[in-house]
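Pasted below: my_file20.pdb, PDB, C-alpha atoms.
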```
ATOM      1  CA  MET K  20      32.074 -35.214 -23.810
ATOM      2  CA  PRO K  21      33.478 -38.498 -22.450
ATOM      3  CA  GLY K  22      34.762 -38.518 -18.903
ATOM      4  CA  VAL K  23      36.556 -41.185 -16.941
ATOM      5  CA  THR K  24      34.763 -41.642 -13.651
ATOM      6  CA  GLU K  25      37.852 -42.036 -11.498
ATOM      7  CA  ALA K  26      41.545 -41.218 -11.829
ATOM      8  CA  ARG K  27      43.958 -43.828 -10.554
ATOM      9  CA  GLY K  28      46.609 -43.080  -7.962
ATOM     10  CA  GLY K  29      45.304 -39.540  -7.388
ATOM     11  CA  ARG K  30      46.318 -38.368 -10.850
ATOM     12  CA  LYS K  31      43.940 -36.297 -12.912
ATOM     13  CA  GLY K  32      42.479 -38.139 -15.873
ATOM     14  CA  ALA K  33      43.216 -36.763 -19.331
ATOM     15  CA  ASP K  34      39.537 -36.011 -19.886
ATOM     16  CA  GLU K  35      39.329 -34.028 -16.644
ATOM     17  CA  LYS K  36      42.378 -31.978 -17.662
ATOM     18  CA  LEU K  37      40.770 -31.242 -21.024
ATOM     19  CA  GLN K  38      37.526 -30.183 -19.348
ATOM     20  CA  ARG K  39      39.443 -27.844 -17.034
ATOM     21  CA  ILE K  40      41.298 -26.258 -19.957
ATOM     22  CA  LEU K  41      38.060 -25.744 -21.893
ATOM     23  CA  ALA K  42      36.500 -24.063 -18.855
ATOM     24  CA  LEU K  43      39.411 -21.843 -17.854
ATOM     25  CA  VAL K  44      40.353 -20.517 -21.317
ATOM     26  CA  PRO K  45      37.250 -18.307 -21.806
ATOM     27  CA  TRP K  46      37.352 -17.227 -18.145
ATOM     28  CA  VAL K  47      40.998 -16.115 -18.299
ATOM     29  CA  ALA K  48      40.652 -14.612 -21.790
ATOM     30  CA  ALA K  49      37.811 -12.381 -20.578
ATOM     31  CA  ARG K  50      39.992 -10.880 -17.807
ATOM     32  CA  ASP K  51      43.052  -8.657 -17.918
ATOM     33  CA  GLY K  52      45.707 -10.987 -16.550
ATOM     34  CA  PRO K  53      44.247 -12.684 -13.489
ATOM     35  CA  ALA K  54      46.722 -13.946 -10.878
ATOM     36  CA  LEU K  55      47.817 -17.563 -11.170
ATOM     37  CA  ALA K  56      46.752 -18.139  -7.568
ATOM     38  CA  GLU K  57      43.243 -16.866  -8.387
ATOM     39  CA  VAL K  58      42.941 -19.186 -11.381
ATOM     40  CA  CYS K  59      44.180 -22.166  -9.342
ATOM     41  CA  GLU K  60      41.701 -21.468  -6.558
ATOM     42  CA  ARG K  61      38.784 -21.131  -8.964
ATOM     43  CA  PHE K  62      39.513 -24.294 -10.943
ATOM     44  CA  GLY K  63      40.815 -26.463  -8.107
ATOM     45  CA  CYS K  64      44.333 -27.155  -9.362
ATOM     46  CA  THR K  65      47.904 -26.550  -8.298
ATOM     47  CA  GLU K  66      50.109 -23.949  -9.978
ATOM     48  CA  ALA K  67      52.203 -26.743 -11.516
ATOM     49  CA  GLU K  68      49.059 -28.316 -13.024
ATOM     50  CA  LEU K  69      47.914 -24.928 -14.320
ATOM     51  CA  VAL K  70      51.251 -24.178 -15.980
ATOM     52  CA  SER K  71      51.200 -27.647 -17.543
ATOM     53  CA  ASP K  72      47.713 -26.963 -18.916
ATOM     54  CA  LEU K  73      48.797 -23.582 -20.290
ATOM     55  CA  ASP K  74      51.817 -25.155 -21.997
ATOM     56  CA  ARG K  75      49.412 -27.341 -23.971
ATOM     57  CA  LEU K  76      47.569 -24.299 -25.294
ATOM     58  CA  PHE K  77      50.633 -23.258 -27.292
ATOM     59  CA  MET K  78      49.995 -26.328 -29.463
ATOM     60  CA  CYS K  79      46.299 -25.564 -30.077
ATOM     61  CA  GLY K  80      45.578 -24.255 -33.548
ATOM     62  CA  LEU K  81      44.964 -25.082 -37.168
ATOM     63  CA  TYR K  82      47.142 -25.939 -40.136
ATOM     64  CA  PRO K  83      49.595 -24.455 -41.152
ATOM     65  CA  TYR K  84      50.118 -23.531 -37.444
ATOM     66  CA  THR K  85      51.141 -19.945 -38.143
ATOM     67  CA  PRO K  86      50.719 -17.316 -35.371
ATOM     68  CA  ASP K  87      47.301 -16.185 -36.685
ATOM     69  CA  VAL K  88      45.789 -19.622 -36.012
ATOM     70  CA  LEU K  89      47.440 -20.362 -32.644
ATOM     71  CA  ILE K  90      46.238 -19.382 -29.161
ATOM     72  CA  GLU K  91      48.636 -16.979 -27.430
ATOM     73  CA  VAL K  92      49.467 -17.421 -23.732
ATOM     74  CA  ASP K  93      51.623 -15.100 -21.636
ATOM     75  CA  VAL K  94      52.668 -15.844 -18.034
ATOM     76  CA  ALA K  95      54.577 -13.116 -16.199
ATOM     77  CA  ASP K  96      54.858 -11.764 -12.653
ATOM     78  CA  GLY K  97      52.451 -14.350 -11.305
ATOM     79  CA  ARG K  98      49.700 -13.444 -13.813
ATOM     80  CA  VAL K  99      48.410 -15.037 -17.011
ATOM     81  CA  TRP K 100      46.941 -13.643 -20.232
ATOM     82  CA  ILE K 101      45.212 -15.712 -22.935
ATOM     83  CA  ARG K 102      44.499 -14.199 -26.354
ATOM     84  CA  TYR K 103      42.502 -15.979 -29.005
ATOM     85  CA  ALA K 104      43.962 -16.542 -32.450
ATOM     86  CA  ASP K 105      42.762 -14.261 -35.262
ATOM     87  CA  TYR K 106      40.896 -17.294 -36.607
ATOM     88  CA  PHE K 107      38.326 -16.976 -33.811
ATOM     89  CA  SER K 108      37.302 -13.502 -34.971
ATOM     90  CA  ARG K 109      35.969 -14.899 -38.235
ATOM     91  CA  PRO K 110      32.247 -15.792 -38.294
ATOM     92  CA  LEU K 111      31.495 -19.513 -38.522
ATOM     93  CA  ARG K 112      28.932 -20.974 -40.885
ATOM     94  CA  LEU K 113      27.498 -24.021 -39.126
ATOM     95  CA  THR K 114      24.923 -26.550 -40.213
ATOM     96  CA  PRO K 115      22.146 -27.266 -37.664
ATOM     97  CA  ALA K 116      23.849 -30.566 -36.790
ATOM     98  CA  GLU K 117      27.210 -28.834 -36.255
ATOM     99  CA  GLY K 118      25.536 -26.132 -34.163
ATOM    100  CA  LEU K 119      23.824 -28.713 -31.977
ATOM    101  CA  ALA K 120      27.093 -30.616 -31.479
ATOM    102  CA  LEU K 121      28.855 -27.362 -30.552
ATOM    103  CA  LEU K 122      26.079 -26.474 -28.112
ATOM    104  CA  ALA K 123      26.280 -29.893 -26.435
ATOM    105  CA  ALA K 124      30.078 -29.660 -26.112
ATOM    106  CA  GLY K 125      29.821 -26.119 -24.738
ATOM    107  CA  LYS K 126      27.207 -27.150 -22.165
ATOM    108  CA  ALA K 127      29.519 -29.949 -21.052
ATOM    109  CA  ALA K 128      32.407 -27.476 -20.648
ATOM    110  CA  GLN K 129      30.133 -25.157 -18.655
ATOM    111  CA  SER K 130      29.401 -27.953 -16.184
ATOM    112  CA  PHE K 131      33.049 -28.118 -15.046
ATOM    113  CA  PRO K 132      33.673 -26.570 -11.594
ATOM    114  CA  GLY K 133      34.910 -22.999 -11.949
ATOM    115  CA  ALA K 134      33.302 -22.297 -15.323
ATOM    116  CA  ASP K 135      31.844 -18.792 -15.582
ATOM    117  CA  GLU K 136      28.063 -19.157 -15.713
ATOM    118  CA  SER K 137      27.628 -15.642 -17.069
ATOM    119  CA  GLY K 138      30.854 -15.303 -19.053
ATOM    120  CA  PRO K 139      31.449 -15.092 -22.816
ATOM    121  CA  LEU K 140      31.067 -18.835 -23.352
ATOM    122  CA  ALA K 141      27.714 -18.876 -21.570
ATOM    123  CA  ARG K 142      26.512 -15.853 -23.559
ATOM    124  CA  GLY K 143      27.686 -17.401 -26.815
ATOM    125  CA  LEU K 144      25.902 -20.654 -26.037
ATOM    126  CA  GLU K 145      22.721 -18.749 -25.225
ATOM    127  CA  LYS K 146      22.848 -17.022 -28.618
ATOM    128  CA  LEU K 147      23.574 -20.309 -30.377
ATOM    129  CA  ALA K 148      20.661 -21.997 -28.604
ATOM    130  CA  GLY K 149      18.370 -19.159 -29.655
ATOM    131  CA  THR K 150      19.507 -19.487 -33.272
ATOM    132  CA  LEU K 151      18.807 -23.220 -33.158
ATOM    133  CA  GLY K 152      15.388 -22.632 -31.620
ATOM    134  CA  ILE K 153      16.319 -24.256 -28.308
ATOM    135  CA  ALA K 154      15.093 -22.532 -25.152
ATOM    136  CA  GLY K 155      15.594 -23.400 -21.491
ATOM    137  CA  ASP K 156      18.313 -25.227 -19.607
ATOM    138  CA  ASP K 157      16.553 -28.582 -19.917
ATOM    139  CA  ALA K 158      15.764 -28.368 -23.637
ATOM    140  CA  LEU K 159      18.964 -30.121 -24.708
ATOM    141  CA  ASP K 160      18.778 -33.763 -23.681
ATOM    142  CA  VAL K 161      21.486 -36.318 -24.505
ATOM    143  CA  ALA K 162      20.357 -39.946 -24.321
ATOM    144  CA  LEU K 163      22.886 -42.761 -24.047
ATOM    145  CA  ALA K 164      22.262 -46.375 -24.962
ATOM    146  CA  SER K 165      19.992 -48.123 -22.473
ATOM    147  CA  VAL K 166      21.828 -50.207 -19.858
ATOM    148  CA  PRO K 167      20.078 -52.302 -17.164
ATOM    149  CA  GLU K 168      20.442 -50.678 -13.757
ATOM    150  CA  ASP K 169      21.852 -53.816 -12.122
ATOM    151  CA  VAL K 170      24.537 -54.137 -14.802
ATOM    152  CA  MET K 171      25.619 -50.500 -14.516
ATOM    153  CA  ALA K 172      25.593 -50.704 -10.711
ATOM    154  CA  ALA K 173      27.838 -53.786 -10.790
ATOM    155  CA  VAL K 174      30.236 -52.168 -13.278
ATOM    156  CA  ARG K 175      30.519 -48.964 -11.246
ATOM    157  CA  THR K 176      31.001 -50.902  -7.993
ATOM    158  CA  ALA K 177      33.791 -52.992  -9.525
ATOM    159  CA  VAL K 178      35.540 -49.856 -10.826
ATOM    160  CA  ASP K 179      35.170 -47.947  -7.545
ATOM    161  CA  GLU K 180      36.218 -50.842  -5.296
ATOM    162  CA  ARG K 181      38.868 -52.171  -7.700
ATOM    163  CA  ARG K 182      37.435 -55.674  -7.749
ATOM    164  CA  GLN K 183      37.327 -58.160 -10.593
ATOM    165  CA  LEU K 184      34.176 -58.415 -12.654
ATOM    166  CA  GLU K 185      32.608 -61.440 -14.352
ATOM    167  CA  LEU K 186      30.739 -60.526 -17.540
ATOM    168  CA  ASP K 187      28.380 -62.388 -19.822
ATOM    169  CA  TYR K 188      29.205 -60.305 -22.881
ATOM    170  CA  TYR K 189      27.740 -60.292 -26.385
ATOM    171  CA  SER K 190      30.485 -59.802 -28.956
ATOM    172  CA  PHE K 191      29.022 -58.019 -31.977
ATOM    173  CA  GLY K 192      32.038 -58.947 -34.079
ATOM    174  CA  ARG K 193      31.773 -62.683 -33.318
ATOM    175  CA  ASP K 194      27.977 -62.735 -32.865
ATOM    176  CA  GLU K 195      28.178 -64.793 -29.665
ATOM    177  CA  VAL K 196      27.888 -64.443 -25.892
ATOM    178  CA  MET K 197      30.976 -65.317 -23.854
ATOM    179  CA  SER K 198      31.768 -65.293 -20.138
ATOM    180  CA  ARG K 199      34.824 -63.203 -19.260
ATOM    181  CA  VAL K 200      36.632 -62.191 -16.083
ATOM    182  CA  VAL K 201      38.059 -58.673 -16.314
ATOM    183  CA  ASP K 202      40.028 -56.185 -14.234
ATOM    184  CA  PRO K 203      38.060 -52.939 -14.734
ATOM    185  CA  TYR K 204      39.887 -49.636 -15.224
ATOM    186  CA  ALA K 205      37.121 -47.089 -15.869
ATOM    187  CA  VAL K 206      33.583 -46.663 -17.189
ATOM    188  CA  PHE K 207      32.904 -43.712 -19.503
ATOM    189  CA  SER K 208      30.572 -42.463 -22.234
ATOM    190  CA  ALA K 209      31.609 -41.857 -25.835
ATOM    191  CA  GLY K 210      29.614 -41.503 -29.027
ATOM    192  CA  GLY K 211      26.304 -42.022 -27.232
ATOM    193  CA  GLN K 212      27.366 -45.314 -25.623
ATOM    194  CA  TRP K 213      28.656 -46.457 -22.238
ATOM    195  CA  TYR K 214      32.026 -48.247 -22.329
ATOM    196  CA  LEU K 215      34.067 -50.223 -19.816
ATOM    197  CA  SER K 216      37.839 -50.236 -20.258
ATOM    198  CA  ALA K 217      39.373 -53.317 -18.662
ATOM    199  CA  TYR K 218      42.028 -56.006 -18.777
ATOM    200  CA  CYS K 219      40.416 -59.186 -20.117
ATOM    201  CA  HIS K 220      41.848 -62.435 -18.729
ATOM    202  CA  ALA K 221      40.322 -64.472 -21.580
ATOM    203  CA  VAL K 222      42.549 -62.798 -24.194
ATOM    204  CA  ASP K 223      45.334 -61.625 -21.840
ATOM    205  CA  ASP K 224      45.046 -58.054 -23.133
ATOM    206  CA  ASP K 225      43.257 -54.742 -22.610
ATOM    207  CA  ARG K 226      39.801 -54.408 -24.144
ATOM    208  CA  LEU K 227      36.865 -52.001 -24.426
ATOM    209  CA  PHE K 228      33.399 -53.385 -23.686
ATOM    210  CA  ARG K 229      30.094 -51.782 -24.675
ATOM    211  CA  VAL K 230      28.130 -51.841 -21.421
ATOM    212  CA  ASP K 231      24.770 -52.187 -23.201
ATOM    213  CA  ARG K 232      26.039 -55.510 -24.600
ATOM    214  CA  VAL K 233      26.684 -56.931 -21.132
ATOM    215  CA  ARG K 234      23.990 -59.540 -20.495
ATOM    216  CA  ALA K 235      24.971 -60.046 -16.826
ATOM    217  CA  ALA K 236      27.651 -58.646 -14.516
ATOM    218  CA  LYS K 237      28.846 -60.034 -11.191
ATOM    219  CA  VAL K 238      31.313 -58.297  -8.870
ATOM    220  CA  LEU K 239      33.829 -60.844  -7.584
ATOM    221  CA  ASP K 240      35.519 -60.883  -4.186
ATOM    222  CA  THR K 241      38.979 -60.914  -5.778
ATOM    223  CA  SER K 242      40.894 -57.647  -6.155
ATOM    224  CA  VAL K 243      42.068 -56.503  -9.572
ATOM    225  CA  GLU K 244      45.492 -57.686 -10.651
ATOM    226  CA  ARG K 245      46.029 -54.645 -12.866
ATOM    227  CA  SER K 246      44.933 -51.111 -12.055
ATOM    228  CA  GLU K 247      46.150 -49.296 -15.169
ATOM    229  CA  GLY K 248      46.067 -50.185 -18.833
ATOM    230  CA  SER K 249      46.606 -48.848 -22.326
ATOM    231  CA  VAL K 250      42.901 -48.580 -23.143
ATOM    232  CA  ALA K 251      41.882 -44.931 -23.386
ATOM    233  CA  GLY K 252      38.703 -43.191 -24.528
ATOM    234  CA  ALA K 253      38.983 -44.389 -28.114
ATOM    235  CA  VAL K 254      36.238 -46.776 -29.125
ATOM    236  CA  TYR K 255      38.489 -48.843 -31.404
ATOM    237  CA  SER K 256      42.251 -48.724 -31.669
ATOM    238  CA  ALA K 257      43.656 -50.698 -34.585
ATOM    239  CA  ARG K 258      46.563 -53.083 -34.029
ATOM    240  CA  ASP K 259      49.398 -53.495 -36.500
ATOM    241  CA  ASP K 260      48.325 -57.059 -37.315
ATOM    242  CA  ASP K 261      44.655 -56.204 -37.950
ATOM    243  CA  PRO K 262      43.775 -56.724 -41.625
ATOM    244  CA  ARG K 263      43.128 -53.651 -43.771
ATOM    245  CA  VAL K 264      40.558 -53.318 -46.527
ATOM    246  CA  THR K 265      39.996 -50.610 -49.117
ATOM    247  CA  VAL K 266      36.331 -49.900 -49.800
ATOM    248  CA  ASP K 267      34.894 -47.812 -52.623
ATOM    249  CA  LEU K 268      31.855 -45.854 -51.419
ATOM    250  CA  SER K 269      29.170 -44.214 -53.498
ATOM    251  CA  ALA K 270      27.967 -40.719 -52.622
ATOM    252  CA  ALA K 271      25.250 -42.328 -50.488
ATOM    253  CA  GLY K 272      27.854 -44.350 -48.584
ATOM    254  CA  ARG K 273      30.140 -41.465 -47.605
ATOM    255  CA  TRP K 274      28.767 -41.649 -44.048
ATOM    256  CA  VAL K 275      31.227 -44.489 -43.383
ATOM    257  CA  ALA K 276      34.154 -42.028 -43.371
ATOM    258  CA  GLU K 277      32.383 -39.952 -40.716
ATOM    259  CA  GLN K 278      31.070 -42.767 -38.524
ATOM    260  CA  TYR K 279      34.080 -45.114 -38.419
ATOM    261  CA  PRO K 280      37.835 -44.542 -37.950
ATOM    262  CA  VAL K 281      39.427 -44.700 -41.410
ATOM    263  CA  GLU K 282      43.144 -44.647 -42.109
ATOM    264  CA  THR K 283      43.037 -43.083 -45.582
ATOM    265  CA  VAL K 284      40.389 -41.169 -47.531
ATOM    266  CA  LYS K 285      40.542 -40.332 -51.226
ATOM    267  CA  GLU K 286      37.999 -38.458 -53.312
ATOM    268  CA  VAL K 287      36.979 -40.302 -56.468
ATOM    269  CA  ARG K 288      34.950 -39.130 -59.451
ATOM    270  CA  GLY K 289      31.207 -38.732 -59.100
ATOM    271  CA  GLY K 290      31.253 -37.873 -55.408
ATOM    272  CA  ARG K 291      32.623 -41.285 -54.456
ATOM    273  CA  LEU K 292      35.136 -41.986 -51.716
ATOM    274  CA  ARG K 293      37.856 -44.607 -51.421
ATOM    275  CA  VAL K 294      38.648 -45.401 -47.788
ATOM    276  CA  THR K 295      40.968 -47.806 -46.005
ATOM    277  CA  LEU K 296      39.809 -49.338 -42.727
ATOM    278  CA  ALA K 297      41.362 -51.649 -40.162
ATOM    279  CA  ILE K 298      39.120 -54.658 -39.491
ATOM    280  CA  SER K 299      38.921 -56.204 -36.037
ATOM    281  CA  GLU K 300      36.547 -59.044 -36.998
ATOM    282  CA  ARG K 301      35.268 -60.446 -40.295
ATOM    283  CA  ALA K 302      31.681 -60.388 -38.976
ATOM    284  CA  TRP K 303      31.941 -56.620 -38.452
ATOM    285  CA  LEU K 304      33.012 -56.106 -42.072
ATOM    286  CA  GLU K 305      30.183 -58.344 -43.273
ATOM    287  CA  ARG K 306      27.597 -56.298 -41.396
ATOM    288  CA  LEU K 307      29.040 -53.064 -42.753
ATOM    289  CA  LEU K 308      28.949 -54.302 -46.340
ATOM    290  CA  LEU K 309      25.417 -55.663 -45.926
ATOM    291  CA  ARG K 310      24.327 -52.284 -44.601
ATOM    292  CA  LEU K 311      25.989 -50.506 -47.512
ATOM    293  CA  GLY K 312      24.609 -52.841 -50.161
ATOM    294  CA  PRO K 313      25.433 -51.450 -53.630
ATOM    295  CA  ASP K 314      26.895 -48.291 -52.054
ATOM    296  CA  GLY K 315      30.120 -50.003 -50.973
ATOM    297  CA  ARG K 316      32.457 -52.725 -52.227
ATOM    298  CA  VAL K 317      35.872 -54.033 -51.233
ATOM    299  CA  THR K 318      38.415 -53.207 -53.939
ATOM    300  CA  LYS K 319      41.682 -54.101 -52.194
ATOM    301  CA  THR K 320      42.822 -56.256 -49.286
ATOM    302  CA  ALA K 321      45.859 -58.334 -48.403
ATOM    303  CA  ASP K 322      43.519 -61.009 -46.981
ATOM    304  CA  PRO K 323      41.797 -62.856 -49.860
ATOM    305  CA  ALA K 324      39.168 -64.194 -47.435
ATOM    306  CA  LEU K 325      37.843 -60.656 -46.951
ATOM    307  CA  ALA K 326      37.555 -59.753 -50.634
ATOM    308  CA  ASP K 327      34.108 -61.346 -51.037
ATOM    309  CA  ALA K 328      32.947 -60.961 -47.435
ATOM    310  CA  GLY K 329      29.895 -58.923 -48.390
ATOM    311  CA  SER K 330      28.611 -61.199 -51.148
ATOM    312  CA  GLN K 331      29.231 -64.342 -49.080
ATOM    313  CA  ALA K 332      27.307 -62.872 -46.128
ATOM    314  CA  ALA K 333      24.448 -61.917 -48.464
ATOM    315  CA  CYS K 334      24.324 -65.474 -49.858
ATOM    316  CA  ARG K 335      24.152 -66.946 -46.339
ATOM    317  CA  LEU K 336      21.283 -64.628 -45.432
ATOM    318  CA  LEU K 337      19.446 -65.532 -48.628
ATOM    319  CA  GLU K 338      19.802 -69.238 -47.869
ATOM    320  CA  ARG K 339      18.335 -68.688 -44.398
ATOM    321  CA  TYR K 340      15.340 -66.885 -45.839
ATOM    322  CA  ARG K 341      14.810 -69.654 -48.365
ATOM    323  CA  ALA K 342      15.090 -72.327 -45.690
ATOM    324  CA  GLY K 343      12.605 -70.494 -43.502
ATOM    325  CA  GLY K 344      10.077 -70.256 -46.312
ATOM    326  CA  ARG K 345       9.968 -73.972 -47.024
TER     327      ARG K 345
END
```
Can you present the structure in this file as structure tokens?
Amino acid sequence: MPGVTEARGGRKGADEKLQRILALVPWVAARDGPALAEVCERFGCTEAELVSDLDRLFMCGLYPYTPDVLIEVDVADGRVWIRYADYFSRPLRLTPAEGLALLAAGKAAQSFPGADESGPLARGLEKLAGTLGIAGDDALDVALASVPEDVMAAVRTAVDERRQLELDYYSFGRDEVMSRVVDPYAVFSAGGQWYLSAYCHAVDDDRLFRVDRVRAAKVLDTSVERSEGSVAGAVYSARDDDPRVTVDLSAAGRWVAEQYPVETVKEVRGGRLRVTLAISERAWLERLLLRLGPDGRVTKTADPALADAGSQAACRLLERYRAGGR
């Protein structure tokens, strides 16, 4: 579960609020109306923050958002009751991958201060781990992309001390290394990678940087000019002017809809999918199409230059191989 390392201006980060909600829901639900003051003391929040968190629970549920699929919260006389939706009483049929993902998310929720180490969530996770054949607290290990210690130390120092950072950064989309000066906001993990959210002076805009693609990082003496930005925990947020492409995927290429943010998905005959993606860089699309090979092809785009991106990239690679063999 991604977590921003520091909240600006004393405000709780959105990820920290989510972690607190995930930890307090099973604890409160297992008790007959604990006092608000008791909940606040256990989870280290004010009553106003707690009430705000509880208000969000009213919106948690599944389509069509009828009462049987919504969490019920009652606050009265200084006490709070949380009742699960009827949906939660139905047994789930999980694949091993889904079970492992659920176990990892549950372990992360259990690590939040105030979580009940012997409560219903802990007992459920223990049963799930047993079903998956995982035993012991240290059996589940999550490995993030490797980042040099000096780079990570510099990034964390810049974030903590609110100082500008000079990066030698490899852009996967452009396939080149560029030097950038950034105002760092936060460093966090998402999807198995470390990311730095920052304001980039080279493009005069907020950007996300994969920390494992930082070749060198130097903390500057200058203080950051901006301490808050629009970059959140999303790995890629499409802009209105980013080109869109529609790609037809074979059954073997359906993984694209699960691995990348797609704007539309349509089932096509024979187990195929038709997806629409926003493209940040042509080089990224070329790599995707090369990886897909015959399992994916561009069928629609407003940018004619992207229509044959895959075949043109393949021709360039072939020419390089031929030149190398001479």
Nearby residues (only C-alpha atoms) at most 12 Å from Asp96 of chain K, same-chain spacing under 5 positions excluded, as number ranges by chain: K: 52-56
Store the residues picked out above in a file with C-alpha atoms, as an mmCIF file, in the frame of the given file.
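The resulting again.cif:
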```cif
data_model
loop_
_atom_site.group_PDB
_atom_site.id
_atom_site.type_symbol
_atom_site.label_atom_id
_atom_site.label_comp_id
_atom_site.auth_asym_id
_atom_site.auth_seq_id
_atom_site.Cartn_x
_atom_site.Cartn_y
_atom_site.Cartn_z
ATOM 1 C CA GLY K 52 45.707 -10.987 -16.550
ATOM 2 C CA PRO K 53 44.247 -12.684 -13.489
ATOM 3 C CA ALA K 54 46.722 -13.946 -10.878
ATOM 4 C CA LEU K 55 47.817 -17.563 -11.170
ATOM 5 C CA ALA K 56 46.752 -18.139 -7.568
#
```
Selection: 12 Å around Glu286 of chain K, all atoms listed in the file, excl. self and same-chain fewer than 2 positions, as JSON, numbers by chain: {"K": [267, 268, 269, 270, 273, 276, 283, 284, 288, 289, 290, 291, 292, 293, 294]}
Saved selection, atoms kept: C-alpha atoms, as a JSON list (two decimals), in the frame of the given file:
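Output contents, as saved in part_32.json:
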```json
[["chain", "number", "residue", "atom", "x", "y", "z"],
["K", 267, "ASP", "CA", 34.89, -47.81, -52.62],
["K", 268, "LEU", "CA", 31.86, -45.85, -51.42],
["K", 269, "SER", "CA", 29.17, -44.21, -53.50],
["K", 270, "ALA", "CA", 27.97, -40.72, -52.62],
["K", 273, "ARG", "CA", 30.14, -41.46, -47.60],
["K", 276, "ALA", "CA", 34.15, -42.03, -43.37],
["K", 283, "THR", "CA", 43.04, -43.08, -45.58],
["K", 284, "VAL", "CA", 40.39, -41.17, -47.53],
["K", 288, "ARG", "CA", 34.95, -39.13, -59.45],
["K", 289, "GLY", "CA", 31.21, -38.73, -59.10],
["K", 290, "GLY", "CA", 31.25, -37.87, -55.41],
["K", 291, "ARG", "CA", 32.62, -41.28, -54.46],
["K", 292, "LEU", "CA", 35.14, -41.99, -51.72],
["K", 293, "ARG", "CA", 37.86, -44.61, -51.42],
["K", 294, "VAL", "CA", 38.65, -45.40, -47.79]]
```
Near-Asp223 of chain K list (12 Å; only C-alpha atoms; drop same-chain fewer than 6 positions) as a PyMOL selection string: chain K and resi 199-202+217+244-245+248
Output the selection as a short mmCIF file (atom, residue, chain, number, x, y, z; two decimals), in the coordinates of the input - C-alpha atoms for each residue.
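Okay, part24.cif is ready:
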```
data_model
loop_
_atom_site.label_atom_id
_atom_site.label_comp_id
_atom_site.auth_asym_id
_atom_site.auth_seq_id
_atom_site.Cartn_x
_atom_site.Cartn_y
_atom_site.Cartn_z
CA ARG K 199 34.82 -63.20 -19.26
CA VAL K 200 36.63 -62.19 -16.08
CA VAL K 201 38.06 -58.67 -16.31
CA ASP K 202 40.03 -56.18 -14.23
CA ALA K 217 39.37 -53.32 -18.66
CA GLU K 244 45.49 -57.69 -10.65
CA ARG K 245 46.03 -54.64 -12.87
CA GLY K 248 46.07 -50.18 -18.83
#
```
Interatomic distance, atom CA of Ser71 of chain K to atom CA of Tyr103 of chain K (Å, one decimal): 18.5 Å
Pick from K:Asp260, K:Glu168, K:Asp135, K:Glu117 nearest to Val58 of chain K, counting only C-alpha atoms: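 With only C-alpha atoms as the atom set, the closest residue is K:Asp135.
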Could you pull the residues within 12 Å of Asp259 of chain K, counting all atoms listed in the file, minus those fewer than 5 positions along the same chain, as a compact mmCIF listing (two decimals) with C-alpha atoms, keeping the file's coordinate frame?
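Generated file (result.txt):
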```txt
# COMPACT_ATOMS: atom_id res chain seq x y z
CA ALA K 297 41.36 -51.65 -40.16
CA ILE K 298 39.12 -54.66 -39.49
CA SER K 299 38.92 -56.20 -36.04
```
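Residues surrounding Arg301 of chain K within 10 Å are Gly192, Arg193, Pro262, Ile298, Leu304, Glu305, Arg306, Leu307, Ala324, Leu325, Ala328 and Gly329 of chain K [all atoms listed in the file; sequence separation below 3 positions excluded].
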Centre and size of axis-aligned box enclosing segment 171-190 of chain K plus 5 Å each side, as AutoDock Vina command-line options:
```
--center_x 32.2 --center_y -55.2 --center_z -17.1 --size_x 23.3 --size_y 24.4 --size_z 33.7
```
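When only C-alpha atoms are used to compute distances to Met197 of chain K, the closest of the residues K:Arg234, K:Arg175, K:Arg75, K:Arg182 turns out to be K:Arg234.
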Of the listed residues K:Leu43, K:Glu57, K:Val287, K:Gly272, that which approaches Pro313 of chain K most closely, counting all atoms listed in the file: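 Closest to Pro313 of chain K, using all atoms listed in the file: K:Gly272.
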Of the listed residues K:Pro139, K:Gly97, K:Gly133, K:Pro110, that which approaches Arg50 of chain K most closely, counting all atoms listed in the file: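 Closest candidate: K:Pro139.
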Atom CA of Val281 of chain K to atom CA of Cys219 of chain K, straight-line distance in Å: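 Those two atoms sit 25.8 Å apart.
Atom to atom, atom CA of Val264 of chain K and atom CA of Leu296 of chain K stand 5.6 Å apart.
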Selected residue, from K:Val317, K:Ala95, K:Val196, K:Ala333, that lies nearest to Thr265 of chain K when counting all atoms listed in the file: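 Looking at the shortest contact to Thr265 of chain K, the residue is K:Val317.
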From K:Val222, K:Lys146, K:Pro45, K:Ala128, residue lying nearest Ile90 of chain K [all atoms listed in the file]: K:Pro45
Residue IDs satisfying the PyMOL selection byres ((chain K and resi 91) around 8), as a ChimeraX atom specification: /K:76-77,89-90,92-93,101-104
